[in-house]
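Next comes work29.csv, with CSV, C-alpha atoms and all ligand atoms.
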```csv
chain,number,residue,atom,x,y,z
A,1286,MET,CA,-10.7,-11.3,-4.0
A,1287,GLN,CA,-8.1,-9.0,-5.3
A,1288,ILE,CA,-6.4,-6.3,-3.4
A,1289,ILE,CA,-6.3,-2.9,-5.1
A,1290,ASP,CA,-2.7,-1.9,-4.6
A,1291,GLY,CA,-2.7,1.9,-4.5
A,1292,LYS,CA,0.9,2.1,-3.6
A,1293,LYS,CA,1.9,0.2,-6.7
A,1294,VAL,CA,-0.4,2.2,-9.0
A,1295,ALA,CA,0.8,5.5,-7.4
A,1296,SER,CA,4.4,4.5,-8.1
A,1297,GLU,CA,3.5,3.6,-11.7
A,1298,ILE,CA,2.0,7.1,-12.2
A,1299,LYS,CA,5.0,8.8,-10.6
A,1300,ASN,CA,7.3,6.8,-12.9
A,1301,GLU,CA,5.2,7.8,-16.0
A,1302,LEU,CA,5.4,11.5,-15.0
A,1303,LYS,CA,9.1,11.2,-14.2
A,1304,ILE,CA,9.8,9.9,-17.8
A,1305,GLN,CA,8.0,12.9,-19.3
A,1306,ILE,CA,9.8,15.3,-17.0
A,1307,ASP,CA,13.2,13.8,-17.8
A,1308,GLU,CA,12.4,14.3,-21.5
A,1309,LEU,CA,11.5,18.0,-20.9
A,1310,LYS,CA,14.8,18.4,-19.1
A,1311,LYS,CA,16.7,16.8,-21.9
A,1312,SER,CA,15.2,19.2,-24.4
A,1313,GLY,CA,16.1,22.1,-22.1
A,1314,LYS,CA,12.5,23.0,-21.4
A,1315,ASN,CA,11.1,24.5,-18.2
A,1316,VAL,CA,9.7,21.7,-15.9
A,1317,PRO,CA,6.4,21.7,-14.0
A,1318,GLY,CA,6.4,23.4,-10.6
A,1319,LEU,CA,4.3,23.2,-7.5
A,1320,VAL,CA,4.2,25.6,-4.6
A,1321,ALA,CA,2.8,24.3,-1.3
A,1322,ILE,CA,1.8,27.0,1.2
A,1323,LEU,CA,1.8,26.0,4.8
A,1324,VAL,CA,0.4,28.3,7.5
A,1325,GLY,CA,1.1,27.6,11.2
A,1326,ASP,CA,2.4,24.6,13.1
A,1327,ASN,CA,-0.2,21.8,12.7
A,1328,PRO,CA,2.0,18.7,12.8
A,1329,ALA,CA,-0.2,16.7,10.5
A,1330,SER,CA,-0.1,19.5,7.9
A,1331,HIS,CA,3.7,19.6,8.1
A,1332,ILE,CA,3.9,15.9,7.4
A,1333,TYR,CA,1.4,16.1,4.5
A,1334,VAL,CA,3.3,19.0,2.9
A,1335,SER,CA,6.7,17.5,3.3
A,1336,SER,CA,5.5,14.2,1.7
A,1337,LYS,CA,4.0,16.2,-1.2
A,1338,SER,CA,7.3,18.1,-1.7
A,1339,LYS,CA,9.3,15.0,-1.5
A,1340,ALA,CA,7.2,13.3,-4.1
A,1341,CYS,CA,7.8,16.4,-6.4
A,1342,GLN,CA,11.5,16.0,-6.0
A,1343,GLU,CA,11.4,12.3,-6.7
A,1344,ILE,CA,10.0,12.9,-10.1
A,1345,GLY,CA,12.1,16.0,-10.9
A,1346,MET,CA,9.3,18.5,-10.5
A,1347,ARG,CA,10.2,22.0,-9.2
A,1348,SER,CA,8.8,22.4,-5.7
A,1349,VAL,CA,8.8,25.1,-3.1
A,1350,VAL,CA,7.2,25.1,0.4
A,1351,GLU,CA,6.2,28.5,1.7
A,1352,LYS,CA,6.2,28.1,5.5
A,1353,LEU,CA,4.3,31.0,7.1
A,1354,SER,CA,3.6,32.0,10.7
A,1355,SER,CA,0.1,31.3,12.0
A,1356,SER,CA,-0.2,35.1,12.6
A,1357,ILE,CA,0.0,36.0,8.9
A,1358,SER,CA,-2.9,38.2,7.9
A,1359,GLN,CA,-5.4,37.1,5.3
A,1360,ASN,CA,-4.4,39.9,3.0
A,1361,ASP,CA,-0.7,39.0,3.1
A,1362,LEU,CA,-1.6,35.4,2.4
A,1363,ILE,CA,-3.7,36.4,-0.6
A,1364,GLU,CA,-0.8,38.6,-1.8
A,1365,LEU,CA,1.6,35.7,-1.7
A,1366,ILE,CA,-0.9,33.5,-3.7
A,1367,ASN,CA,-1.2,36.3,-6.2
A,1368,LYS,CA,2.5,36.3,-6.6
A,1369,TYR,CA,2.5,32.6,-7.5
A,1370,ASN,CA,-0.6,33.1,-9.7
A,1371,GLN,CA,1.7,35.3,-11.9
A,1372,ASP,CA,4.9,33.2,-11.6
A,1373,GLU,CA,5.5,31.2,-14.7
A,1374,ASN,CA,7.7,28.7,-12.9
A,1375,TYR,CA,4.9,27.5,-10.8
A,1376,HIS,CA,1.9,25.8,-12.4
A,1377,GLY,CA,0.2,24.4,-9.3
A,1378,ILE,CA,-0.6,26.2,-6.1
A,1379,LEU,CA,-1.7,24.2,-3.0
A,1380,VAL,CA,-2.7,25.8,0.3
A,1381,GLN,CA,-2.6,23.2,3.0
A,1382,LEU,CA,-5.8,23.1,5.0
A,1383,PRO,CA,-6.9,23.7,7.7
A,1384,LEU,CA,-6.0,27.4,8.1
A,1385,PRO,CA,-5.9,29.4,11.3
A,1386,LYS,CA,-9.4,30.6,12.4
A,1387,HIS,CA,-8.8,34.3,11.5
A,1388,ILE,CA,-8.4,33.3,7.9
A,1389,ASP,CA,-11.4,32.6,5.7
A,1390,GLU,CA,-10.6,29.4,3.8
A,1391,GLU,CA,-13.1,30.0,1.1
A,1392,LYS,CA,-11.6,33.4,0.3
A,1393,ILE,CA,-8.1,31.8,0.1
A,1394,ILE,CA,-9.2,29.0,-2.2
A,1395,GLU,CA,-11.0,31.6,-4.4
A,1396,SER,CA,-7.8,33.6,-4.6
A,1397,ILE,CA,-5.9,30.8,-6.3
A,1398,SER,CA,-6.0,31.1,-10.1
A,1399,PRO,CA,-8.4,28.4,-11.4
A,1400,GLN,CA,-5.7,27.5,-13.9
A,1401,LYS,CA,-3.3,26.6,-11.1
A,1402,ASP,CA,-6.0,25.0,-8.8
A,1403,VAL,CA,-4.3,21.6,-8.6
A,1404,ASP,CA,-6.3,20.6,-5.5
A,1405,GLY,CA,-9.5,21.1,-7.4
A,1406,PHE,CA,-11.2,23.0,-4.5
A,1407,HIS,CA,-11.9,26.3,-6.3
A,1408,PRO,CA,-15.6,26.9,-7.0
A,1409,ILE,CA,-14.9,27.1,-10.7
A,1410,SER,CA,-13.2,23.6,-10.7
A,1411,VAL,CA,-16.1,22.2,-8.6
A,1412,GLY,CA,-18.7,23.7,-10.9
A,1413,ASN,CA,-16.9,22.5,-14.0
A,1414,LEU,CA,-16.8,19.0,-12.5
A,1415,LEU,CA,-20.5,19.1,-11.9
A,1416,ILE,CA,-21.3,20.1,-15.5
A,1417,GLY,CA,-18.9,17.6,-16.9
A,1418,LYS,CA,-16.2,20.0,-18.3
A,1419,ASP,CA,-12.6,19.1,-18.2
A,1420,THR,CA,-11.2,20.5,-15.0
A,1421,PHE,CA,-9.0,19.9,-12.0
A,1422,VAL,CA,-10.6,17.1,-10.0
A,1423,SER,CA,-9.7,17.0,-6.3
A,1424,CYS,CA,-6.9,14.5,-5.8
A,1425,THR,CA,-8.6,11.8,-3.6
A,1426,PRO,CA,-11.6,11.4,-5.9
A,1427,ALA,CA,-9.4,11.5,-9.0
A,1428,GLY,CA,-7.2,8.8,-7.4
A,1429,ILE,CA,-10.2,6.6,-6.7
A,1430,GLN,CA,-11.3,6.9,-10.4
A,1431,GLU,CA,-7.8,6.1,-11.5
A,1432,LEU,CA,-7.7,3.0,-9.4
A,1433,LEU,CA,-11.0,1.7,-10.8
A,1434,LYS,CA,-9.6,2.5,-14.3
A,1435,ARG,CA,-6.3,0.7,-13.9
A,1436,TYR,CA,-7.9,-2.4,-12.4
A,1437,ASN,CA,-10.4,-2.4,-15.3
A,1438,ILE,CA,-13.4,-2.2,-12.9
A,1439,ASN,CA,-16.4,-1.4,-14.9
A,1440,THR,CA,-18.5,1.5,-13.5
A,1441,GLN,CA,-21.0,1.8,-16.4
A,1442,GLY,CA,-24.5,1.3,-15.0
A,1443,LYS,CA,-23.1,0.0,-11.7
A,1444,HIS,CA,-24.6,1.1,-8.4
A,1445,VAL,CA,-21.9,3.2,-6.6
A,1446,VAL,CA,-22.8,3.9,-3.0
A,1447,VAL,CA,-20.7,6.7,-1.4
A,1448,VAL,CA,-20.8,7.0,2.3
A,1449,GLY,CA,-19.8,10.6,3.2
A,1450,ARG,CA,-20.6,13.9,1.6
A,1451,SER,CA,-17.6,16.1,2.3
A,1452,ASN,CA,-16.5,18.7,-0.2
A,1453,ILE,CA,-13.1,17.0,-0.6
A,1454,VAL,CA,-14.1,13.4,-1.0
A,1455,GLY,CA,-17.8,12.4,-0.9
A,1456,LYS,CA,-19.4,15.0,-3.1
A,1457,PRO,CA,-16.7,15.2,-5.8
A,1458,VAL,CA,-16.3,11.4,-6.1
A,1459,ALA,CA,-20.1,11.1,-6.5
A,1460,ASN,CA,-20.1,13.8,-9.2
A,1461,LEU,CA,-17.1,12.3,-10.9
A,1462,LEU,CA,-18.6,8.8,-11.2
A,1463,LEU,CA,-22.0,10.2,-12.3
A,1464,GLN,CA,-20.5,11.8,-15.4
A,1465,LYS,CA,-21.5,10.3,-18.8
A,1466,ASN,CA,-18.1,8.9,-19.8
A,1467,GLN,CA,-16.2,5.7,-20.1
A,1468,TYR,CA,-14.8,5.6,-16.6
A,1469,ALA,CA,-18.0,6.7,-14.8
A,1470,ASN,CA,-21.6,6.6,-16.0
A,1471,ALA,CA,-22.6,5.0,-12.7
A,1472,ILE,CA,-25.8,5.1,-10.7
A,1473,VAL,CA,-24.7,7.0,-7.7
A,1474,THR,CA,-26.2,7.1,-4.2
A,1475,VAL,CA,-24.7,9.4,-1.5
A,1476,CYS,CA,-25.3,8.6,2.2
A,1477,HIS,CA,-24.5,10.7,5.2
A,1478,SER,CA,-25.1,10.7,9.0
A,1479,ALA,CA,-28.8,11.3,8.6
A,1480,ALA,CA,-29.2,7.8,7.0
A,1481,ASN,CA,-31.5,5.9,9.5
A,1482,ASP,CA,-30.5,2.5,8.2
A,1483,LEU,CA,-27.1,2.9,6.4
A,1484,SER,CA,-26.8,-0.8,5.6
A,1485,PHE,CA,-30.1,-0.6,3.6
A,1486,TYR,CA,-28.1,1.5,1.1
A,1487,THR,CA,-24.6,-0.1,1.4
A,1488,ARG,CA,-26.0,-3.6,0.8
A,1489,GLN,CA,-27.1,-2.4,-2.6
A,1490,ALA,CA,-23.7,-1.3,-3.7
A,1491,ASP,CA,-21.8,-2.8,-6.6
A,1492,ILE,CA,-19.0,-0.4,-5.7
A,1493,LEU,CA,-18.9,1.0,-2.1
A,1494,ILE,CA,-16.9,4.1,-1.4
A,1495,ALA,CA,-16.4,4.7,2.3
A,1496,ALA,CA,-15.3,8.3,3.3
A,1497,ILE,CA,-16.7,8.5,6.8
A,1498,GLY,CA,-13.8,9.0,9.2
A,1499,LYS,CA,-15.1,6.2,11.6
A,1500,ALA,CA,-12.7,3.3,12.2
A,1501,GLU,CA,-13.9,0.0,10.7
A,1502,MET,CA,-17.5,1.1,10.7
A,1503,ILE,CA,-18.5,-0.9,7.5
A,1504,LYS,CA,-19.0,-4.6,8.6
A,1505,ALA,CA,-19.5,-7.7,6.5
A,1506,ASP,CA,-23.2,-7.8,7.0
A,1507,MET,CA,-23.5,-4.3,5.4
A,1508,VAL,CA,-22.2,-5.4,2.0
A,1509,LYS,CA,-23.2,-7.9,-0.7
A,1510,GLU,CA,-21.1,-10.7,-2.1
A,1511,GLY,CA,-18.7,-9.5,-4.8
A,1512,VAL,CA,-18.8,-5.8,-3.9
A,1513,VAL,CA,-15.9,-3.6,-4.9
A,1514,VAL,CA,-14.8,-1.7,-1.8
A,1515,ILE,CA,-12.9,1.6,-1.9
A,1516,ASP,CA,-11.9,2.6,1.7
A,1517,VAL,CA,-10.9,6.2,1.9
A,1518,GLY,CA,-10.8,6.4,5.7
A,1519,ILE,CA,-7.6,7.0,7.7
A,1520,ASN,CA,-8.2,6.4,11.4
A,1521,ARG,CA,-5.8,5.9,14.2
A,1522,ILE,CA,-6.8,3.2,16.8
A,1523,GLU,CA,-5.0,1.9,19.9
A,1524,ASP,CA,-2.8,-1.1,19.3
A,1525,PRO,CA,-0.6,-2.1,22.2
A,1526,SER,CA,1.1,-4.8,20.1
A,1527,ASN,CA,2.5,-2.0,17.9
A,1528,LYS,CA,5.7,-0.1,18.9
A,1529,LYS,CA,3.9,3.2,18.4
A,1530,GLY,CA,0.9,2.1,20.5
A,1531,TYR,CA,-1.5,2.6,17.6
A,1532,LYS,CA,-2.2,1.5,14.1
A,1533,ILE,CA,-4.0,3.0,11.1
A,1534,VAL,CA,-7.2,1.5,9.9
A,1535,GLY,CA,-9.8,2.4,7.3
A,1536,ASP,CA,-13.6,3.0,7.6
A,1537,VAL,CA,-14.1,-0.6,6.5
A,1538,SER,CA,-13.5,-3.7,8.7
A,1539,PHE,CA,-11.0,-5.1,6.3
A,1540,ASP,CA,-10.7,-8.7,7.7
A,1541,GLU,CA,-14.4,-9.5,7.5
A,1542,VAL,CA,-15.4,-7.4,4.4
A,1543,SER,CA,-12.5,-8.6,2.3
A,1544,LYS,CA,-14.0,-12.2,2.5
A,1545,LYS,CA,-17.1,-11.0,0.6
A,1546,ALA,CA,-15.5,-8.4,-1.7
A,1547,SER,CA,-14.3,-9.0,-5.3
A,1548,TYR,CA,-11.8,-6.1,-5.0
A,1549,ILE,CA,-10.8,-4.0,-1.9
A,1550,THR,CA,-8.4,-1.3,-1.1
A,1551,PRO,CA,-6.2,-1.8,2.0
A,1552,VAL,CA,-5.5,0.9,4.6
A,1553,PRO,CA,-2.7,1.9,4.5
A,1554,GLY,CA,-1.6,1.4,0.9
A,1555,GLY,CA,-4.9,1.9,-1.0
A,1556,VAL,CA,-6.4,5.3,-1.7
A,1557,GLY,CA,-3.8,7.3,0.4
A,1558,PRO,CA,-0.8,7.0,-1.9
A,1559,MET,CA,-3.0,7.9,-4.9
A,1560,THR,CA,-3.9,11.3,-3.5
A,1561,ILE,CA,-0.3,12.5,-3.8
A,1562,ALA,CA,0.2,10.9,-7.2
A,1563,MET,CA,-2.9,12.7,-8.5
A,1564,LEU,CA,-1.6,16.0,-7.1
A,1565,LEU,CA,1.5,15.5,-9.2
A,1566,ASN,CA,-0.7,14.5,-12.2
A,1567,ASN,CA,-2.8,17.7,-11.8
A,1568,THR,CA,0.3,19.8,-11.6
A,1569,PHE,CA,1.6,18.3,-14.9
A,1570,LYS,CA,-1.8,18.9,-16.4
A,1571,ALA,CA,-1.7,22.6,-15.3
A,1572,TYR,CA,1.8,22.9,-16.8
A,1573,LYS,CA,0.5,21.5,-20.2
A,1574,LYS,CA,-2.5,23.8,-20.1
A,1575,LEU,CA,-0.5,26.8,-19.3
A,1576,GLY,CA,1.7,26.2,-22.3
A,1577,GLY,CA,4.8,24.9,-20.6
A,1578,TRP,CA,4.7,22.0,-23.0
A,1579,ASN,CA,5.5,24.1,-26.1
B,1,LIG,P1,-15.6,14.5,6.8
B,1,LIG,O1,-15.6,14.4,8.3
B,1,LIG,O2,-15.5,15.8,6.3
B,1,LIG,O3,-16.9,13.8,6.3
B,1,LIG,C1,-17.4,12.6,6.8
B,1,LIG,C2,-18.7,12.2,6.2
B,1,LIG,O4,-19.2,11.0,6.7
B,1,LIG,C3,-19.8,13.2,6.4
B,1,LIG,O5,-20.5,13.5,5.3
B,1,LIG,C4,-20.7,12.6,7.5
B,1,LIG,O6,-22.1,12.9,7.4
B,1,LIG,C5,-20.5,11.1,7.1
B,1,LIG,N1,-20.8,10.3,8.3
B,1,LIG,C6,-20.3,10.3,9.5
B,1,LIG,N2,-20.8,9.4,10.3
B,1,LIG,C7,-21.7,8.7,9.6
B,1,LIG,C8,-22.5,7.6,9.8
B,1,LIG,N3,-22.6,7.0,11.0
B,1,LIG,N4,-23.3,7.2,8.8
B,1,LIG,C9,-23.2,7.7,7.6
B,1,LIG,N5,-22.4,8.8,7.3
B,1,LIG,C10,-21.7,9.2,8.3
B,1,LIG,O7,-14.5,13.6,6.3
B,1,LIG,P2,-13.6,13.5,5.0
B,1,LIG,O8,-14.5,13.3,3.8
B,1,LIG,O9,-12.7,14.7,4.9
B,1,LIG,O10,-12.7,12.2,5.2
B,1,LIG,C11,-13.3,11.0,5.4
B,1,LIG,C12,-12.2,10.0,5.8
B,1,LIG,O11,-11.3,9.9,4.7
B,1,LIG,C13,-11.4,10.4,7.0
B,1,LIG,O12,-11.0,9.2,7.7
B,1,LIG,C14,-10.2,11.1,6.4
B,1,LIG,O13,-9.0,11.0,7.2
B,1,LIG,C15,-10.0,10.2,5.1
B,1,LIG,N6,-9.3,10.9,4.0
B,1,LIG,C16,-8.4,10.2,3.4
B,1,LIG,C17,-7.8,10.8,2.3
B,1,LIG,C18,-6.8,10.0,1.6
B,1,LIG,O14,-5.9,10.5,0.9
B,1,LIG,N7,-6.8,8.6,1.7
B,1,LIG,C19,-8.0,12.1,1.9
B,1,LIG,C20,-9.1,12.8,2.6
B,1,LIG,C21,-9.7,12.2,3.6
B,1,LIG,P3,-22.6,14.4,7.6
B,1,LIG,O15,-22.3,15.2,6.4
B,1,LIG,O16,-24.0,14.3,7.8
B,1,LIG,O17,-21.9,14.9,8.9
```

Would you put the structure from the file into structure tokens?
Ligand code: NDP
Amino acid sequence: MQIIDGKKVASEIKNELKIQIDELKKSGKNVPGLVAILVGDNPASHIYVSSKSKACQEIGMRSVVEKLSSSISQNDLIELINKYNQDENYHGILVQLPLPKHIDEEKIIESISPQKDVDGFHPISVGNLLIGKDTFVSCTPAGIQELLKRYNINTQGKHVVVVGRSNIVGKPVANLLLQKNQYANAIVTVCHSAANDLSFYTRQADILIAAIGKAEMIKADMVKEGVVVIDVGINRIEDPSNKKGYKIVGDVSFDEVSKKASYITPVPGGVGPMTIAMLLNNTFKAYKKLGGWN
């Protein structure tokens, strides 16, 4: 059994990007830039945005965080996004979700220029992914594919079972691995809460992707010997032995499932770090597409 070390791969990706950005700086060129827009006081959103901004700084990318009051109107938020749609110094625009209830998330996502949609949530990006066109793929699914690629895990003709059908993980990762290309071309099954007997499906998986949001739900008797397990879940459970009183676990019961798996991602340190690395990667891609490279 091999652990898929997302922390290590994410750090390799960041180093690769940093080398390219250092070169740009040396030749006096503009560097890629990412704006993160944060509305309101959600503590988790603040943590996510600050780690994204820190990651940009680490690799020499320009980064700005727009911190806005939760009372901002939808129109004012769209106006700010429009400003960054026009700003040549910023190639990626990220609006941290969730947004306050009076703001229509779909309208906000649609107001981001598809050329700067580094989160890959814009309907144009989603549609392009579906029809197999080069596009911005949302960061967690892109990170999952990158892990499979870097660990040389063959997906061709393999049965990938995805548990979860959210718009940010389940559906896009299923679409990504379904595409007819070298790092995909899988036979994909997507499960959700209406599955009567989930293990009927999960036991067939060559590659199991768990994006459920339920702590340690996937047990050893739900998988077959040799399965590759990608655990997307991030769940907090009580742990009196920990100073904080809790610990973070995935959707997979790591101790028991790892005994049957050929590869498995740990939580933390698996898929999580890849999400930010792929955001940086997408921002670099936007920069190149927008002509910053020339
Ligand atoms: P959602 O809550 O949006 O989706 C969960 C999915 O799991 C739904 O499709 C739901 O089905 C399905 N589900 C729930 N219970 C069951 C069940 N008993 N059997 C089968 N399917 C079930 O979650 P997200 O996709 O946003 O996130 C999933 C997990 O991944 C969370 O723990 C989240 O924190 C984590 N996450 C981690 C990221 C990272 O960077 N590592 C990034 C994003 C998320 P239905 O559609 O029918 O309700």

> So how far away is atom CA of Leu1432 of chain A from atom CA of Val1350 of chain A, in Å?
Replying inline: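 So the two atoms, atom CA of Val1350 of chain A and atom CA of Leu1432 of chain A, lie 28.4 Å apart.
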
>> Residues near Val1320 of chain A, anyone? I mean within 12 Å using only C-alpha atoms, not counting same-chain ones fewer than 6 positions away, as a PyMOL selection string.
In response: chain A and resi 1334-1335+1337-1338+1341+1346-1352+1365-1366+1368-1370+1372-1381+1397+1401-1404+1564-1565+1568

>> Report, in Å to a single decimal, how far apart atom CA of Asp1307 of chain A and atom CA of Met1563 of chain A are.
In response: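 Computing the Euclidean distance for atom CA of Met1563 of chain A and atom CA of Asp1307 of chain A yields 18.6 Å.
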
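Counting all atoms listed in the file and comparing A:Val1512, A:Ala1427, A:Ala1471, A:Leu1433, the residue that lies closest to Ser1543 of chain A is A:Val1512.
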
> If we count all atoms listed in the file, what is near Asn1437 of chain A at a cut-off of 12 Å, once residues fewer than 4 positions away on the same chain are taken out, given as a list in words?
Replying inline: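 Answer for this query is Ile1289, Gln1430, Glu1431, Leu1432, Leu1433, Gln1441, Gln1467, Tyr1468, Ala1469, Val1513 and Tyr1548 of chain A.
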
> Do you know which residues are at most 9 Å from Ile1357 of chain A counting all atoms listed in the file, after dropping those on the same chain fewer than 6 positions away, and could you put them as a list in words?
Replying inline: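 Everything that qualifies: Val1324, Gly1325 and Ile1388 of chain A.
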
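Within the 12 Å cut-off around Glu1301 of chain A, using all atoms listed in the file and omitting residues fewer than 2 positions from it on the same chain, the listed residues are Val1294, Ala1295, Ser1296, Glu1297, Ile1298, Lys1299, Lys1303, Ile1304, Gln1305, Ile1306, Asp1307, Glu1308, Ile1344, Gly1345, Ala1562, Leu1565, Asn1566 and Phe1569 of chain A.
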
Just to be explicit: take each residue in the selection above, keep C-alpha atoms, and write the result as a PDB file, in the coordinates of the input.
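Writing done, so here's again_12.pdb:
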```
ATOM      1  CA  VAL A1294      -0.400   2.200  -9.000  1.00  0.00           C
ATOM      2  CA  ALA A1295       0.800   5.500  -7.400  1.00  0.00           C
ATOM      3  CA  SER A1296       4.400   4.500  -8.100  1.00  0.00           C
ATOM      4  CA  GLU A1297       3.500   3.600 -11.700  1.00  0.00           C
ATOM      5  CA  ILE A1298       2.000   7.100 -12.200  1.00  0.00           C
ATOM      6  CA  LYS A1299       5.000   8.800 -10.600  1.00  0.00           C
ATOM      7  CA  LYS A1303       9.100  11.200 -14.200  1.00  0.00           C
ATOM      8  CA  ILE A1304       9.800   9.900 -17.800  1.00  0.00           C
ATOM      9  CA  GLN A1305       8.000  12.900 -19.300  1.00  0.00           C
ATOM     10  CA  ILE A1306       9.800  15.300 -17.000  1.00  0.00           C
ATOM     11  CA  ASP A1307      13.200  13.800 -17.800  1.00  0.00           C
ATOM     12  CA  GLU A1308      12.400  14.300 -21.500  1.00  0.00           C
ATOM     13  CA  ILE A1344      10.000  12.900 -10.100  1.00  0.00           C
ATOM     14  CA  GLY A1345      12.100  16.000 -10.900  1.00  0.00           C
ATOM     15  CA  ALA A1562       0.200  10.900  -7.200  1.00  0.00           C
ATOM     16  CA  LEU A1565       1.500  15.500  -9.200  1.00  0.00           C
ATOM     17  CA  ASN A1566      -0.700  14.500 -12.200  1.00  0.00           C
ATOM     18  CA  PHE A1569       1.600  18.300 -14.900  1.00  0.00           C
TER      19      PHE A1569
END
```

>> Within 8 Å of ligand LIG 1 (chain B) (counting only C-alpha atoms and all ligand atoms), which residues show up? I'd like them as JSON, numbers by chain.
In response: {"A": [1424, 1425, 1448, 1449, 1450, 1451, 1452, 1453, 1454, 1455, 1476, 1477, 1478, 1479, 1480, 1483, 1495, 1496, 1497, 1498, 1499, 1500, 1502, 1516, 1517, 1518, 1519, 1520, 1535, 1536, 1555, 1556, 1557, 1558, 1559, 1560, 1561]}

>> Using all atoms listed in the file - which residues lie no farther than 10 Å from the point (-9.8, 32.2, -6.4) in the file's frame? Write them as JSON, numbers by chain.
In response: {"A": [1363, 1366, 1367, 1370, 1391, 1392, 1393, 1394, 1395, 1396, 1397, 1398, 1399, 1400, 1401, 1402, 1406, 1407, 1408, 1409]}

> So, counting all atoms listed in the file, which residue among A:Ile1522, A:Ala1340, A:Met1286, A:Leu1575 is closest to Ser1547 of chain A?
Replying inline: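 Of all the options, A:Met1286 lies closest to Ser1547 of chain A.
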
>> List as a PyMOL selection string the protein and nucleic acid residues near Leu1461 of chain A, meaning an atom at most 9 Å away when all atoms listed in the file are counted, but skip any in the same chain fewer than 4 places from it.
In response: chain A and resi 1414-1415+1417+1422+1426-1427+1430+1456-1457+1469-1470

> Quick one: of A:Asp1540, A:Ile1503, A:Val1411, A:Gln1287, who's nearest to Asn1460 of chain A, counting all atoms listed in the file?
Replying inline: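 Smallest separation from Asn1460 of chain A among the options: A:Val1411.
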
> Between atom CA of Asp1419 of chain A and atom CA of Asp1491 of chain A, what is the spacing in Å?
Replying inline: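 Answer for the atom CA of Asp1491 of chain A to atom CA of Asp1419 of chain A separation: 26.4 Å.
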
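Distances from A:Gln1371, A:Thr1420, A:Ser1330, A:Thr1474 to Lys1443 of chain A were compared using all atoms listed in the file, and the smallest one belongs to A:Thr1474.
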